[in-house]
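Novice: Below is the file model-v5.txt, which contains compact mmCIF, C-alpha atoms.
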# COMPACT_ATOMS: atom_id res chain seq x y z
CA MET H 972 193.65 70.61 -5.48
CA ALA H 973 190.01 70.74 -6.47
CA HIS H 974 188.93 67.80 -4.27
CA THR H 975 186.64 68.51 -1.36
CA PHE H 976 186.03 64.91 -0.25
CA LEU H 977 188.70 63.61 2.12
CA LEU H 978 190.93 66.66 1.65
CA GLN H 979 188.59 68.94 3.60
CA PRO H 980 186.71 68.25 6.81
CA GLY H 981 183.04 67.62 6.19
CA ARG H 982 179.89 65.55 6.41
CA TRP H 983 178.74 63.53 3.41
CA VAL H 984 175.50 61.62 2.78
CA LEU H 985 175.69 58.43 0.73
CA GLN H 986 172.89 56.78 -1.26
CA GLY H 987 173.13 53.95 -3.75
CA SER H 988 173.02 50.20 -4.28
CA TRP H 989 174.89 47.20 -2.90
CA LEU H 990 175.31 43.99 -4.89
CA GLU H 991 176.59 40.66 -3.59
CA ARG H 992 177.60 37.72 -5.76
CA ASP H 993 174.49 35.83 -6.95
CA GLY H 994 172.22 38.39 -5.26
CA LEU H 995 169.97 41.22 -6.28
CA PRO H 996 170.95 44.86 -5.70
CA ILE H 997 169.73 46.32 -2.41
CA ASN H 998 169.49 49.94 -1.31
CA VAL H 999 172.28 51.34 0.81
CA LYS H 1000 172.38 54.66 2.65
CA GLY H 1001 174.99 56.15 4.88
CA MET H 1002 176.94 59.04 6.28
CA THR H 1003 180.65 59.83 6.23
CA LEU H 1004 182.40 62.30 8.52
CA VAL H 1005 185.90 63.54 7.66
CA ALA H 1006 188.12 65.36 10.18
CA TRP H 1007 191.73 66.58 10.11
CA ASN H 1008 194.26 67.49 12.79
CA ARG H 1009 197.28 69.77 12.60
CA ASP H 1010 199.79 66.97 11.96
CA ASN H 1011 198.35 65.99 8.55
CA TRP H 1012 196.40 63.07 10.00
CA PHE H 1013 192.82 62.51 8.93
CA THR H 1014 190.03 60.40 10.36
CA MET H 1015 187.03 59.26 8.42
CA ALA H 1016 184.03 57.47 9.92
CA THR H 1017 181.39 55.87 7.73
CA LYS H 1018 178.20 54.05 8.64
CA LEU H 1019 176.22 52.15 6.01
CA ILE H 1020 172.64 50.97 6.54
CA PHE H 1021 170.43 48.82 4.34
CA PRO H 1022 166.81 50.04 4.59
CA GLY H 1023 164.21 47.32 4.11
CA SER H 1024 166.82 44.57 4.42
CA ASP H 1025 167.93 42.25 7.21
CA ARG H 1026 171.57 42.94 6.33
CA ALA H 1027 173.63 44.20 9.28
CA ASP H 1028 174.90 47.79 9.33
CA ILE H 1029 178.53 48.36 8.40
CA ALA H 1030 180.80 50.71 10.37
CA LEU H 1031 184.19 51.85 9.08
CA GLN H 1032 186.79 53.91 11.01
CA TYR H 1033 189.73 55.19 8.91
CA LYS H 1034 192.89 56.86 10.16
CA GLY H 1035 195.48 58.04 7.65
CA ARG H 1036 198.23 60.51 6.95
CA LEU H 1037 198.55 62.75 3.91
CA ASP H 1038 201.42 65.21 3.75
CA VAL H 1039 200.75 68.66 2.30
CA GLY H 1040 201.17 68.57 -1.48
CA ALA H 1041 201.35 64.75 -1.59
CA ARG H 1042 199.18 62.69 -3.92
CA GLN H 1043 199.57 59.34 -2.17
CA TYR H 1044 198.69 58.32 1.38
CA THR H 1045 198.32 55.29 3.60
CA PHE H 1046 195.60 54.45 6.07
CA LEU H 1047 194.44 51.96 8.68
CA LEU H 1048 190.82 50.92 8.75
CA GLN H 1049 188.78 49.21 11.43
CA HIS H 1050 185.86 47.49 9.67
CA ASN H 1051 183.18 45.91 11.86
CA ILE H 1052 182.88 42.91 9.51
CA LEU H 1053 186.33 42.58 7.89
CA GLY H 1054 188.35 43.52 10.98
CA GLN H 1055 191.79 45.18 10.74
CA VAL H 1056 192.56 46.58 7.30
CA GLU H 1057 195.50 48.49 5.77
CA GLY H 1058 195.37 50.51 2.59
CA GLU H 1059 196.72 53.17 0.31
CA GLY H 1060 195.16 55.98 -1.64
CA TRP H 1061 196.06 58.00 -4.70
CA ILE H 1062 194.70 61.43 -5.48
CA GLY H 1063 194.20 62.08 -9.16
CA LEU H 1064 192.87 65.15 -10.93
CA ASP H 1065 189.22 64.03 -10.84
CA THR H 1066 189.34 60.84 -8.77
CA ILE H 1067 190.51 59.49 -5.44
CA VAL H 1068 191.34 55.78 -5.60
CA GLN H 1069 191.82 53.63 -2.51
CA ARG H 1070 193.00 50.05 -2.32
CA TYR H 1071 193.01 47.97 0.85
CA TRP H 1072 193.69 44.48 2.15
CA VAL H 1073 192.42 42.65 5.22
CA LEU H 1074 195.15 41.67 7.68
CA SER H 1075 195.47 38.04 8.83
CA ASP H 1076 192.59 36.91 6.63
CA ARG H 1077 192.27 33.31 5.46
CA GLU H 1078 189.99 34.39 2.59
CA ARG H 1079 192.62 36.88 1.32
CA ARG H 1080 189.99 39.63 1.10
CA SER H 1081 190.86 42.98 -0.38
CA GLY H 1082 189.00 45.87 -1.90
CA PHE H 1083 189.02 49.15 -3.78
CA GLU H 1084 187.11 52.41 -3.90
CA THR H 1085 187.03 55.02 -6.64
CA LEU H 1086 185.55 58.42 -5.85
CA HIS H 1087 184.94 60.49 -8.97
CA ARG H 1088 184.47 64.22 -8.41
CA VAL H 1089 181.27 65.49 -10.06
CA ASN H 1090 181.52 68.97 -8.47
CA ASP H 1091 182.57 70.50 -5.12
CA ASP H 1092 179.55 69.04 -3.35
CA SER H 1093 179.12 65.72 -5.16
CA TYR H 1094 181.12 62.56 -5.83
CA TYR H 1095 180.23 59.23 -7.41
CA LEU H 1096 181.58 56.17 -5.58
CA THR H 1097 182.20 52.71 -6.98
CA SER H 1098 183.74 50.04 -4.79
CA GLY H 1099 184.30 46.33 -4.62
CA ILE H 1100 185.43 43.63 -2.23
CA MET H 1101 187.27 40.55 -3.45
CA ALA H 1102 188.03 37.19 -1.86
CA GLY H 1103 191.16 35.91 -3.52
CA HIS H 1104 190.65 36.53 -7.24
CA TYR H 1105 186.84 36.72 -7.11
CA LEU H 1106 184.73 39.84 -6.87
CA THR H 1107 182.18 39.21 -4.10
CA ILE H 1108 180.57 42.61 -3.41
CA THR H 1109 180.18 45.86 -5.32
CA MET H 1110 178.65 49.17 -4.36
CA GLU H 1111 177.79 52.23 -6.38
CA ALA H 1112 176.57 55.39 -4.72
CA SER H 1113 176.42 59.13 -4.85
CA LEU H 1114 178.00 61.21 -2.09
CA GLU H 1115 176.57 64.66 -1.39
CA ARG H 1116 178.30 67.14 0.92
CA GLN H 1117 176.13 68.53 3.69
CA ARG H 1118 176.74 72.25 4.07
CA THR H 1119 176.92 73.61 7.61
CA ASN H 1120 175.11 76.87 8.26
Will you turn the file into structure tokens for me?
Specialist:
Amino acid sequence: MAHTFLLQPGRWVLQGSWLERDGLPINVKGMTLVAWNRDNWFTMATKLIFPGSDRADIALQYKGRLDVGARQYTFLLQHNILGQVEGEGWIGLDTIVQRYWVLSDRERRSGFETLHRVNDDSYYLTSGIMAGHYLTITMEASLERQRTN
């Protein structure tokens, strides 16, 4: 597969904008670390910050399993604001799409992420969080792989 994000260990820098319902877009920056172990389990840690804003940082800890040659996977996510989350991902030719849902949530929150491969070192991310049937938050950002020397 041509994907480098998620499928290979690495460090990625994120930069883009965050938009909440009835709000103005705000800048978002972050970092994602991806690691793999020998049993086809991956971990992904992401931290998002909002420079120049009083919005709290967001921390995400993913753990998932993707068998060799598979195009679908499942994951668990610990989100510092949403709590316990479960999800699934699909690996397409040029995109990785993830869908998730918050466990034991009265607001019935769920979300999605689409990572479109621009080249080996760059992806474009669009994501959204919904409460019930309503879109409440969207984010669009570029992800750039940080090469290790």
Novice: Could you work out how far atom CA of Ile997 of chain H lies from atom CA of Leu978 of chain H, giving the answer in Å with one decimal?
Specialist: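 Between atom CA of Leu978 of chain H and atom CA of Ile997 of chain H the gap works out to 29.7 Å.
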Novice: So which residues touch Lys1018 of chain H within 8 Å, counting only C-alpha atoms, skipping near sequence neighbours fewer than 5 positions away, as a list in words?
Specialist: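 The contact residues come out as Gly1001, Met1002, Thr1003, Asp1028, Ile1029, Ala1030 and Leu1031 of chain H.
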Novice: For atom CA of Phe976 of chain H and atom CA of Asp1010 of chain H, determine how far apart the two atoms are, in Å to one decimal place.
Specialist: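 Going from atom CA of Phe976 of chain H over to atom CA of Asp1010 of chain H covers 18.5 Å.
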Novice: Up to 9 Å from (195.0, 45.3, 1.4) in the file's coordinates: name the residues, counting only C-alpha atoms, as a PyMOL selection string.
Specialist: chain H and resi 1056-1059+1070-1074+1079-1083
Novice: Could you tell me how far atom CA of Gln986 of chain H lies from atom CA of Tyr1094 of chain H, in Å and to one decimal?
Specialist: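 Atom-to-atom, atom CA of Gln986 of chain H to atom CA of Tyr1094 of chain H, that is 11.0 Å.
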Novice: Could you tell me which of H:Met1015, H:Leu1053, H:Met1101, H:Leu1086 comes closest to Gln1069 of chain H if we count all atoms listed in the file?
Specialist: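 Result for the nearest residue to Gln1069 of chain H: H:Leu1086.
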Novice: Tell me which protein, DNA and RNA residues are within 8 Å of Leu977 of chain H, counting all atoms listed in the file, leaving out same-chain ones fewer than 2 positions away, and put them as a list of chain:residue names.
Specialist: H:His974, H:Thr975, H:Gln979, H:Pro980, H:Val1005, H:Met1015
Novice: Would you write out those residues with C-alpha atoms, as a short mmCIF file (atom, residue, chain, number, x, y, z; two decimals), in the coordinates of the input?
Specialist:
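For reference, result_34.cif as written:
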data_model
loop_
_atom_site.label_atom_id
_atom_site.label_comp_id
_atom_site.auth_asym_id
_atom_site.auth_seq_id
_atom_site.Cartn_x
_atom_site.Cartn_y
_atom_site.Cartn_z
CA HIS H 974 188.93 67.80 -4.27
CA THR H 975 186.64 68.51 -1.36
CA GLN H 979 188.59 68.94 3.60
CA PRO H 980 186.71 68.25 6.81
CA VAL H 1005 185.90 63.54 7.66
CA MET H 1015 187.03 59.26 8.42
#
Novice: Can you pull out every residue within 10 Å of Val1089 of chain H, counting all atoms listed in the file, but drop anything in the same chain fewer than 6 positions away, and send it as a list of chain:residue names?
Specialist: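 Final neighbour list, sorted by chain and number: H:His974, H:Asp1065, H:Thr1066, H:Tyr1095, H:Ser1113, H:Leu1114, H:Glu1115.
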Novice: Compare H:Asp1038, H:Glu1111, H:Glu1078, H:Asp1091 by their minimum atom-to-atom distance to Leu990 of chain H, counting all atoms listed in the file, and give me the closest one.
Specialist: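 Of H:Asp1038, H:Glu1111, H:Glu1078, H:Asp1091, the one nearest Leu990 of chain H is H:Glu1111, counting all atoms listed in the file.
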Novice: Pick out the residues sitting within 8 Å of Leu1037 of chain H, and hand them over as an mmCIF file with C-alpha atoms, in the frame of the given file; count all atoms listed in the file, and ignore anything fewer than 4 positions along from it in its own chain.
Specialist:
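Final output, result05.cif:
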data_model
loop_
_atom_site.group_PDB
_atom_site.id
_atom_site.type_symbol
_atom_site.label_atom_id
_atom_site.label_comp_id
_atom_site.auth_asym_id
_atom_site.auth_seq_id
_atom_site.Cartn_x
_atom_site.Cartn_y
_atom_site.Cartn_z
ATOM 1 C CA ASN H 1011 198.350 65.990 8.550
ATOM 2 C CA TRP H 1012 196.400 63.070 10.000
ATOM 3 C CA PHE H 1013 192.820 62.510 8.930
ATOM 4 C CA ALA H 1041 201.350 64.750 -1.590
ATOM 5 C CA ARG H 1042 199.180 62.690 -3.920
ATOM 6 C CA GLN H 1043 199.570 59.340 -2.170
ATOM 7 C CA TYR H 1044 198.690 58.320 1.380
ATOM 8 C CA THR H 1045 198.320 55.290 3.600
#
Novice: Given the choices H:Gln1117, H:Ile1052, H:Asn1090, H:Arg1009, which gets closest to Ala1027 of chain H if the distance is worked out from all atoms listed in the file?
Specialist: H:Ile1052
Novice: Out of H:Asn1008, H:Ser1098, H:Ser1093, H:Asn998, which residue has the shortest atom-to-atom distance to Gly1035 of chain H when counting all atoms listed in the file?
Specialist: H:Asn1008
Novice: Measuring atom to atom with only C-alpha atoms, identify which of H:Gln1032, H:Trp983, H:Glu1084, H:Lys1000 is nearest to Ile1108 of chain H.
Specialist: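 For Ile1108 of chain H, the nearest of the given residues is H:Glu1084.
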